[in-house]
Amino acid sequence: MKQVFGKPKSLTENPFTYCPGCSHGIGHRLVAETLDELGIVENCVAVSTIGCSVRCWRNFDVDVVQGAHGRGMAVATGLKRALPDEVIFTYQGDGDLAAIGMAETMHAAARGEAITVVFINNSLFGATGGQLAPTTLAGQWTSTYPNGRDVDWTGEPIRMAEILASLPSTSYIAREALTSPKRILQAKKAVRKAFDVQINHNGFGLVELLAACPINLKLKPVDAVKWVEDKMIPYYPLGEIKNTKGVG
């Protein structure tokens, strides 16, 4: 019997350790499928940082370098400059990329570093207990703001994709959501394009993936996905935000 669906070769046999309903498993699969299709497993290095995404070293069957919290793009920059023929990508959450790692993110993008960034945005700090993140929505409950985010005190949520797209040196920026089969297929295309930018020597590419964190949202998995659809997508619109090289 012909097998029509299976585990990507670039995922290890280690089981995912993410919470029930977490979107990281989908994000991992999309990246792994892309690595397989592009045939770059043997010349690819991933950078994992701190947060829920730290676990990706167990799951991607490629060389992985562990970066300190927020320093993923700085580590990726060093790897790419030392190994220019390798495909280098980071896999980062919103607390890591947009909070403690904001400086590294902005300067790597401003320099147009030839790296690929997979950015999981679930609107809060996941691994450390659901605290407020730069991407937390106005009025959203978190463990540090039990009455909801007060934008008069903390400022408005940051749209990282739009900020990075405004930099002249970035080549490809997109945002998709991991909330339905249709949206996941769109996300897969965006992940592929973010890698294609690097492979074709066209500089910096990032794909932001809106994700569900049921445990910290205090919602059942199905309700958490609906929350992403109803709350996050209106504030974080989907689609290609920048594609200066005509990728895809």
# chains A, B, ... in the order shown; residues from 1 in each chain; ligands from 1
>>> residues_around(residues="Met160 of chain A", least_positions_apart="2", cutoff="9 Å", atoms="only C-alpha atoms", output="VMD selection string")
chain A and resid 98 135 158 162 to 165 208
>>> residues_around(residues="Pro8 of chain A", least_positions_apart="3", cutoff="9 Å", atoms="only C-alpha atoms", output="PDB file with C-alpha atoms, in the first residue's frame")
ATOM      1  CA  LEU A  11      11.958  15.132  12.592  1.00  0.00           C
ATOM      2  CA  THR A  12      13.481  12.765  15.136  1.00  0.00           C
ATOM      3  CA  ARG A  29       6.154  19.857  11.136  1.00  0.00           C
ATOM      4  CA  ALA A  32      10.606  19.810   8.817  1.00  0.00           C
ATOM      5  CA  GLU A  33       8.541  19.275   5.672  1.00  0.00           C
ATOM      6  CA  LEU A  35      13.730  21.031   5.021  1.00  0.00           C
ATOM      7  CA  ASP A  36      12.916  17.652   3.445  1.00  0.00           C
TER       8      ASP A  36
END
>>> atom_distance(atom1="atom CA of Thr144 of chain A", atom2="atom CA of Leu132 of chain A")
6.1 Å
>>> residues_around(residues="segment 49-56 of chain A", least_positions_apart="5", cutoff="7 Å", atoms="only C-alpha atoms", output="list in words")
Gln66, Gly67, Ala68, His69, Gly70, Gly72, Tyr91, Gln92, Gly93, Asp96, Gly126 and Ala127 of chain A
>>> residues_around(residues="Leu167 of chain A", least_positions_apart="2", cutoff="12 Å", atoms="only C-alpha atoms", output="mmCIF file with N, CA and C atoms, in the first residue's frame")
data_model
loop_
_atom_site.group_PDB
_atom_site.id
_atom_site.type_symbol
_atom_site.label_atom_id
_atom_site.label_comp_id
_atom_site.auth_asym_id
_atom_site.auth_seq_id
_atom_site.Cartn_x
_atom_site.Cartn_y
_atom_site.Cartn_z
ATOM 1 N N THR A 105 17.033 41.138 17.319
ATOM 2 C CA THR A 105 16.110 41.013 16.187
ATOM 3 C C THR A 105 16.223 42.211 15.255
ATOM 4 N N MET A 106 16.138 43.392 15.817
ATOM 5 C CA MET A 106 16.138 44.598 15.001
ATOM 6 C C MET A 106 17.453 44.775 14.247
ATOM 7 N N HIS A 107 18.567 44.516 14.909
ATOM 8 C CA HIS A 107 19.851 44.776 14.267
ATOM 9 C C HIS A 107 20.199 43.705 13.239
ATOM 10 N N ALA A 108 19.819 42.440 13.494
ATOM 11 C CA ALA A 108 20.044 41.405 12.471
ATOM 12 C C ALA A 108 19.240 41.723 11.217
ATOM 13 N N ALA A 109 17.987 42.156 11.417
ATOM 14 C CA ALA A 109 17.143 42.513 10.277
ATOM 15 C C ALA A 109 17.662 43.764 9.579
ATOM 16 N N ALA A 110 18.106 44.740 10.367
ATOM 17 C CA ALA A 110 18.613 45.986 9.783
ATOM 18 C C ALA A 110 19.863 45.742 8.939
ATOM 19 N N ARG A 111 20.650 44.752 9.339
ATOM 20 C CA ARG A 111 21.845 44.415 8.564
ATOM 21 C C ARG A 111 21.520 43.537 7.362
ATOM 22 N N GLY A 112 20.295 43.020 7.321
ATOM 23 C CA GLY A 112 19.919 42.136 6.222
ATOM 24 C C GLY A 112 20.657 40.816 6.267
ATOM 25 N N MET A 160 5.466 42.914 15.192
ATOM 26 C CA MET A 160 6.863 42.748 14.795
ATOM 27 C C MET A 160 7.026 42.641 13.287
ATOM 28 N N ALA A 161 6.137 41.930 12.630
ATOM 29 C CA ALA A 161 6.298 41.730 11.188
ATOM 30 C C ALA A 161 6.286 43.071 10.446
ATOM 31 N N GLU A 162 5.378 43.949 10.834
ATOM 32 C CA GLU A 162 5.289 45.241 10.164
ATOM 33 C C GLU A 162 6.522 46.099 10.455
ATOM 34 N N ILE A 163 7.010 46.031 11.688
ATOM 35 C CA ILE A 163 8.211 46.795 12.029
ATOM 36 C C ILE A 163 9.406 46.330 11.193
ATOM 37 N N LEU A 164 9.580 45.019 11.112
ATOM 38 C CA LEU A 164 10.714 44.486 10.365
ATOM 39 C C LEU A 164 10.564 44.734 8.862
ATOM 40 N N ALA A 165 9.339 44.714 8.382
ATOM 41 C CA ALA A 165 9.110 44.986 6.960
ATOM 42 C C ALA A 165 9.472 46.418 6.598
ATOM 43 N N SER A 169 16.448 46.689 4.504
ATOM 44 C CA SER A 169 17.324 45.546 4.273
ATOM 45 C C SER A 169 16.631 44.189 4.372
ATOM 46 N N THR A 170 15.380 44.131 4.807
ATOM 47 C CA THR A 170 14.683 42.841 4.867
ATOM 48 C C THR A 170 14.083 42.502 3.508
ATOM 49 N N SER A 171 14.061 41.213 3.189
ATOM 50 C CA SER A 171 13.615 40.791 1.861
ATOM 51 C C SER A 171 12.236 40.141 1.858
ATOM 52 N N TYR A 172 11.941 39.331 2.875
ATOM 53 C CA TYR A 172 10.667 38.625 2.883
ATOM 54 C C TYR A 172 10.114 38.594 4.307
ATOM 55 N N ILE A 173 8.893 39.101 4.474
ATOM 56 C CA ILE A 173 8.213 39.099 5.768
ATOM 57 C C ILE A 173 6.764 38.672 5.529
ATOM 58 N N PHE A 204 17.485 38.446 4.300
ATOM 59 C CA PHE A 204 16.742 38.153 5.525
ATOM 60 C C PHE A 204 15.287 37.815 5.230
ATOM 61 N N GLY A 205 14.820 36.666 5.755
ATOM 62 C CA GLY A 205 13.422 36.283 5.607
ATOM 63 C C GLY A 205 12.831 35.837 6.933
ATOM 64 N N ILE A 241 3.659 40.495 3.843
ATOM 65 C CA ILE A 241 3.789 41.910 4.168
ATOM 66 C C ILE A 241 4.878 42.548 3.316
ATOM 67 N N LYS A 242 5.887 41.750 2.973
ATOM 68 C CA LYS A 242 6.989 42.253 2.147
ATOM 69 C C LYS A 242 7.596 41.108 1.358
ATOM 70 N N THR A 244 10.335 41.640 -1.522
ATOM 71 C CA THR A 244 11.030 42.522 -2.464
ATOM 72 C C THR A 244 11.731 41.755 -3.584
#
>>> select_by_dssp(residues="segment 10-248 of chain A", states="strand (DSSP E)", output="PyMOL selection string")
chain A and resi 44-48+63-66+87-93+116-121+170-177+204-210+239-243
>>> write_last_selection(atoms="N, CA and C atoms", output="tab-separated table (two decimals), in the first residue's frame")
chain	number	residue	atom	x	y	z
A	44	CYS	N	22.27	22.20	7.00
A	44	CYS	CA	21.36	23.12	7.69
A	44	CYS	C	21.72	23.15	9.17
A	45	VAL	N	21.67	24.33	9.78
A	45	VAL	CA	21.88	24.46	11.22
A	45	VAL	C	20.73	25.27	11.80
A	46	ALA	N	20.09	24.73	12.82
A	46	ALA	CA	19.02	25.43	13.52
A	46	ALA	C	19.57	26.09	14.77
A	47	VAL	N	18.94	27.19	15.16
A	47	VAL	CA	19.27	27.85	16.41
A	47	VAL	C	18.02	27.85	17.28
A	48	SER	N	18.12	27.21	18.43
A	48	SER	CA	17.01	27.25	19.38
A	48	SER	C	17.39	28.18	20.52
A	63	ASP	N	21.76	19.69	12.68
A	63	ASP	CA	22.64	20.30	13.68
A	63	ASP	C	21.89	21.47	14.33
A	64	VAL	N	21.98	21.55	15.65
A	64	VAL	CA	21.29	22.61	16.39
A	64	VAL	C	22.25	23.26	17.37
A	65	VAL	N	22.24	24.59	17.40
A	65	VAL	CA	23.04	25.34	18.37
A	65	VAL	C	22.07	26.01	19.34
A	66	GLN	N	22.34	25.86	20.63
A	66	GLN	CA	21.49	26.48	21.65
A	66	GLN	C	21.97	27.89	21.94
A	87	VAL	N	22.59	26.58	5.45
A	87	VAL	CA	21.30	27.24	5.64
A	87	VAL	C	21.07	27.36	7.15
A	88	ILE	N	20.93	28.58	7.64
A	88	ILE	CA	20.82	28.84	9.07
A	88	ILE	C	19.43	29.38	9.37
A	89	PHE	N	18.75	28.77	10.34
A	89	PHE	CA	17.45	29.31	10.72
A	89	PHE	C	17.29	29.32	12.23
A	90	THR	N	16.51	30.29	12.72
A	90	THR	CA	16.14	30.34	14.12
A	90	THR	C	14.67	29.96	14.26
A	91	TYR	N	14.35	29.38	15.40
A	91	TYR	CA	12.96	29.04	15.73
A	91	TYR	C	12.69	29.67	17.09
A	92	GLN	N	11.88	30.75	17.11
A	92	GLN	CA	11.76	31.57	18.30
A	92	GLN	C	10.31	31.92	18.63
A	93	GLY	N	10.05	32.07	19.92
A	93	GLY	CA	8.75	32.55	20.36
A	93	GLY	C	8.72	34.06	20.49
A	116	THR	N	17.10	32.75	8.09
A	116	THR	CA	15.65	32.54	8.05
A	116	THR	C	15.14	32.46	9.48
A	117	VAL	N	14.05	33.16	9.75
A	117	VAL	CA	13.49	33.20	11.10
A	117	VAL	C	12.06	32.66	11.08
A	118	VAL	N	11.82	31.67	11.92
A	118	VAL	CA	10.46	31.15	12.13
A	118	VAL	C	10.03	31.65	13.51
A	119	PHE	N	9.02	32.50	13.51
A	119	PHE	CA	8.61	33.27	14.69
A	119	PHE	C	7.22	32.81	15.12
A	120	ILE	N	7.15	32.13	16.27
A	120	ILE	CA	5.86	31.66	16.80
A	120	ILE	C	5.30	32.71	17.75
A	121	ASN	N	4.18	33.29	17.39
A	121	ASN	CA	3.54	34.33	18.20
A	121	ASN	C	2.27	33.75	18.85
A	170	THR	N	15.38	44.13	4.81
A	170	THR	CA	14.68	42.84	4.87
A	170	THR	C	14.08	42.50	3.51
A	171	SER	N	14.06	41.21	3.19
A	171	SER	CA	13.62	40.79	1.86
A	171	SER	C	12.24	40.14	1.86
A	172	TYR	N	11.94	39.33	2.87
A	172	TYR	CA	10.67	38.63	2.88
A	172	TYR	C	10.11	38.59	4.31
A	173	ILE	N	8.89	39.10	4.47
A	173	ILE	CA	8.21	39.10	5.77
A	173	ILE	C	6.76	38.67	5.53
A	174	ALA	N	6.32	37.69	6.27
A	174	ALA	CA	4.93	37.22	6.13
A	174	ALA	C	4.38	36.83	7.49
A	175	ARG	N	3.06	36.81	7.59
A	175	ARG	CA	2.38	36.34	8.80
A	175	ARG	C	1.24	35.41	8.41
A	176	GLU	N	1.20	34.25	9.02
A	176	GLU	CA	0.11	33.31	8.81
A	176	GLU	C	-0.34	32.75	10.16
A	177	ALA	N	-1.37	31.91	10.16
A	177	ALA	CA	-1.92	31.37	11.40
A	177	ALA	C	-2.04	29.86	11.32
A	204	PHE	N	17.48	38.45	4.30
A	204	PHE	CA	16.74	38.15	5.53
A	204	PHE	C	15.29	37.81	5.23
A	205	GLY	N	14.82	36.67	5.75
A	205	GLY	CA	13.42	36.28	5.61
A	205	GLY	C	12.83	35.84	6.93
A	206	LEU	N	11.62	36.26	7.21
A	206	LEU	CA	10.93	35.90	8.45
A	206	LEU	C	9.48	35.56	8.17
A	207	VAL	N	9.02	34.48	8.81
A	207	VAL	CA	7.59	34.17	8.78
A	207	VAL	C	7.10	34.10	10.22
A	208	GLU	N	6.07	34.88	10.51
A	208	GLU	CA	5.42	34.89	11.82
A	208	GLU	C	4.20	33.97	11.75
A	209	LEU	N	4.08	33.08	12.73
A	209	LEU	CA	2.98	32.13	12.77
A	209	LEU	C	2.16	32.35	14.04
A	210	LEU	N	0.92	32.78	13.88
A	210	LEU	CA	0.04	32.97	15.04
A	210	LEU	C	-0.35	31.60	15.58
A	239	GLY	N	-0.92	37.31	5.80
A	239	GLY	CA	-0.51	37.45	4.41
A	239	GLY	C	0.93	37.92	4.28
A	240	GLU	N	1.38	38.06	3.05
A	240	GLU	CA	2.71	38.58	2.78
A	240	GLU	C	2.73	40.08	3.04
A	241	ILE	N	3.66	40.49	3.84
A	241	ILE	CA	3.79	41.91	4.17
A	241	ILE	C	4.88	42.55	3.32
A	242	LYS	N	5.89	41.75	2.97
A	242	LYS	CA	6.99	42.25	2.15
A	242	LYS	C	7.60	41.11	1.36
A	243	ASN	N	7.81	41.34	0.09
A	243	ASN	CA	8.46	40.34	-0.78
A	243	ASN	C	9.19	41.09	-1.87
>>> select_by_dssp(residues="segment 81-185 of chain A", states="alpha helix (DSSP H)", output="PDB file with N, CA and C atoms, in the first residue's frame")
ATOM      1  N   ARG A  81      27.931  33.790   9.042  1.00  0.00           N
ATOM      2  CA  ARG A  81      29.170  34.427   8.580  1.00  0.00           C
ATOM      3  C   ARG A  81      30.335  33.452   8.594  1.00  0.00           C
ATOM      4  N   ALA A  82      30.303  32.521   9.557  1.00  0.00           N
ATOM      5  CA  ALA A  82      31.369  31.515   9.616  1.00  0.00           C
ATOM      6  C   ALA A  82      31.146  30.382   8.622  1.00  0.00           C
ATOM      7  N   ASP A  94       7.535  34.600  20.783  1.00  0.00           N
ATOM      8  CA  ASP A  94       7.379  36.054  20.820  1.00  0.00           C
ATOM      9  C   ASP A  94       8.050  36.690  22.029  1.00  0.00           C
ATOM     10  N   GLY A  95       8.038  36.028  23.183  1.00  0.00           N
ATOM     11  CA  GLY A  95       8.745  36.588  24.325  1.00  0.00           C
ATOM     12  C   GLY A  95      10.233  36.664  24.072  1.00  0.00           C
ATOM     13  N   MET A 102      14.703  41.805  21.489  1.00  0.00           N
ATOM     14  CA  MET A 102      14.322  42.856  20.541  1.00  0.00           C
ATOM     15  C   MET A 102      15.540  43.504  19.867  1.00  0.00           C
ATOM     16  N   ALA A 103      16.593  43.791  20.624  1.00  0.00           N
ATOM     17  CA  ALA A 103      17.765  44.442  20.025  1.00  0.00           C
ATOM     18  C   ALA A 103      18.418  43.544  18.983  1.00  0.00           C
ATOM     19  N   GLU A 104      18.583  42.256  19.326  1.00  0.00           N
ATOM     20  CA  GLU A 104      19.193  41.322  18.381  1.00  0.00           C
ATOM     21  C   GLU A 104      18.343  41.176  17.133  1.00  0.00           C
ATOM     22  N   THR A 105      17.033  41.138  17.319  1.00  0.00           N
ATOM     23  CA  THR A 105      16.110  41.013  16.187  1.00  0.00           C
ATOM     24  C   THR A 105      16.223  42.211  15.255  1.00  0.00           C
ATOM     25  N   MET A 106      16.138  43.392  15.817  1.00  0.00           N
ATOM     26  CA  MET A 106      16.138  44.598  15.001  1.00  0.00           C
ATOM     27  C   MET A 106      17.453  44.775  14.247  1.00  0.00           C
ATOM     28  N   HIS A 107      18.567  44.516  14.909  1.00  0.00           N
ATOM     29  CA  HIS A 107      19.851  44.776  14.267  1.00  0.00           C
ATOM     30  C   HIS A 107      20.199  43.705  13.239  1.00  0.00           C
ATOM     31  N   ALA A 108      19.819  42.440  13.494  1.00  0.00           N
ATOM     32  CA  ALA A 108      20.044  41.405  12.471  1.00  0.00           C
ATOM     33  C   ALA A 108      19.240  41.723  11.217  1.00  0.00           C
ATOM     34  N   ALA A 109      17.987  42.156  11.417  1.00  0.00           N
ATOM     35  CA  ALA A 109      17.143  42.513  10.277  1.00  0.00           C
ATOM     36  C   ALA A 109      17.662  43.764   9.579  1.00  0.00           C
ATOM     37  N   ALA A 110      18.106  44.740  10.367  1.00  0.00           N
ATOM     38  CA  ALA A 110      18.613  45.986   9.783  1.00  0.00           C
ATOM     39  C   ALA A 110      19.863  45.742   8.939  1.00  0.00           C
ATOM     40  N   ARG A 111      20.650  44.752   9.339  1.00  0.00           N
ATOM     41  CA  ARG A 111      21.845  44.415   8.564  1.00  0.00           C
ATOM     42  C   ARG A 111      21.520  43.537   7.362  1.00  0.00           C
ATOM     43  N   VAL A 151      -3.160  49.196  28.180  1.00  0.00           N
ATOM     44  CA  VAL A 151      -2.247  49.814  27.216  1.00  0.00           C
ATOM     45  C   VAL A 151      -1.805  51.208  27.650  1.00  0.00           C
ATOM     46  N   ASP A 152      -2.560  51.853  28.555  1.00  0.00           N
ATOM     47  CA  ASP A 152      -2.118  53.151  29.060  1.00  0.00           C
ATOM     48  C   ASP A 152      -0.878  52.999  29.927  1.00  0.00           C
ATOM     49  N   TRP A 153      -0.703  51.807  30.484  1.00  0.00           N
ATOM     50  CA  TRP A 153       0.433  51.542  31.365  1.00  0.00           C
ATOM     51  C   TRP A 153       1.568  50.825  30.629  1.00  0.00           C
ATOM     52  N   THR A 154       1.199  49.878  29.754  1.00  0.00           N
ATOM     53  CA  THR A 154       2.207  49.012  29.118  1.00  0.00           C
ATOM     54  C   THR A 154       2.439  49.322  27.638  1.00  0.00           C
ATOM     55  N   MET A 160       5.466  42.914  15.192  1.00  0.00           N
ATOM     56  CA  MET A 160       6.863  42.748  14.795  1.00  0.00           C
ATOM     57  C   MET A 160       7.026  42.641  13.287  1.00  0.00           C
ATOM     58  N   ALA A 161       6.137  41.930  12.630  1.00  0.00           N
ATOM     59  CA  ALA A 161       6.298  41.730  11.188  1.00  0.00           C
ATOM     60  C   ALA A 161       6.286  43.071  10.446  1.00  0.00           C
ATOM     61  N   GLU A 162       5.378  43.949  10.834  1.00  0.00           N
ATOM     62  CA  GLU A 162       5.289  45.241  10.164  1.00  0.00           C
ATOM     63  C   GLU A 162       6.522  46.099  10.455  1.00  0.00           C
ATOM     64  N   ILE A 163       7.010  46.031  11.688  1.00  0.00           N
ATOM     65  CA  ILE A 163       8.211  46.795  12.029  1.00  0.00           C
ATOM     66  C   ILE A 163       9.406  46.330  11.193  1.00  0.00           C
ATOM     67  N   LEU A 164       9.580  45.019  11.112  1.00  0.00           N
ATOM     68  CA  LEU A 164      10.714  44.486  10.365  1.00  0.00           C
ATOM     69  C   LEU A 164      10.564  44.734   8.862  1.00  0.00           C
ATOM     70  N   ALA A 165       9.339  44.714   8.382  1.00  0.00           N
ATOM     71  CA  ALA A 165       9.110  44.986   6.960  1.00  0.00           C
ATOM     72  C   ALA A 165       9.472  46.418   6.598  1.00  0.00           C
ATOM     73  N   PRO A 181      -6.854  23.817   8.503  1.00  0.00           N
ATOM     74  CA  PRO A 181      -6.091  23.225   7.392  1.00  0.00           C
ATOM     75  C   PRO A 181      -5.743  24.233   6.304  1.00  0.00           C
ATOM     76  N   LYS A 182      -6.686  25.075   5.937  1.00  0.00           N
ATOM     77  CA  LYS A 182      -6.428  26.061   4.891  1.00  0.00           C
ATOM     78  C   LYS A 182      -5.323  27.027   5.313  1.00  0.00           C
ATOM     79  N   ARG A 183      -5.408  27.514   6.538  1.00  0.00           N
ATOM     80  CA  ARG A 183      -4.409  28.469   7.002  1.00  0.00           C
ATOM     81  C   ARG A 183      -3.041  27.801   7.170  1.00  0.00           C
ATOM     82  N   ILE A 184      -3.036  26.551   7.588  1.00  0.00           N
ATOM     83  CA  ILE A 184      -1.769  25.836   7.755  1.00  0.00           C
ATOM     84  C   ILE A 184      -1.086  25.637   6.410  1.00  0.00           C
ATOM     85  N   LEU A 185      -1.858  25.371   5.359  1.00  0.00           N
ATOM     86  CA  LEU A 185      -1.279  25.255   4.020  1.00  0.00           C
ATOM     87  C   LEU A 185      -0.669  26.586   3.575  1.00  0.00           C
TER      88      LEU A 185
END
>>> closest_atom_pairs(of="segment 30-101 of chain A", to="segment 190-197 of chain A", cutoff="8 Å", atoms="only C-alpha atoms", output="Markdown table")
| residue | atom | partner | partner_atom | distance |
| --- | --- | --- | --- | --- |
| A:Leu30 | CA | A:Val191 | CA | 7.3 |
| A:Val31 | CA | A:Val191 | CA | 6.8 |
| A:Thr34 | CA | A:Arg192 | CA | 5.9 |
>>> write_last_selection(atoms="N, CA and C atoms", output="CSV table (one decimal), in the first residue's frame")
chain,number,residue,atom,x,y,z
A,30,LEU,N,5.8,21.9,9.8
A,30,LEU,CA,5.9,22.7,8.6
A,30,LEU,C,7.4,23.0,8.3
A,31,VAL,N,8.2,23.3,9.3
A,31,VAL,CA,9.6,23.5,9.1
A,31,VAL,C,10.3,22.2,8.6
A,34,THR,N,9.5,21.4,5.0
A,34,THR,CA,10.2,22.3,4.1
A,34,THR,C,11.7,21.9,4.0
>>> closest_residue(among="A:Pro84, A:Ala212, A:Lys231, A:Ile199", to="Phe125 of chain A", atoms="only C-alpha atoms")
A:Ala212
>>> closest_residue(among="A:His201, A:Lys2, A:Lys226, A:Lys9", to="Val247 of chain A", atoms="only C-alpha atoms")
A:His201
>>> residues_around(residues="Gly148 of chain A", least_positions_apart="6", cutoff="8 Å", atoms="only C-alpha atoms", output="ChimeraX atom specification")
/A:138-142
>>> atom_distance(atom1="atom CA of Leu137 of chain A", atom2="atom CA of Val228 of chain A")
10.8 Å
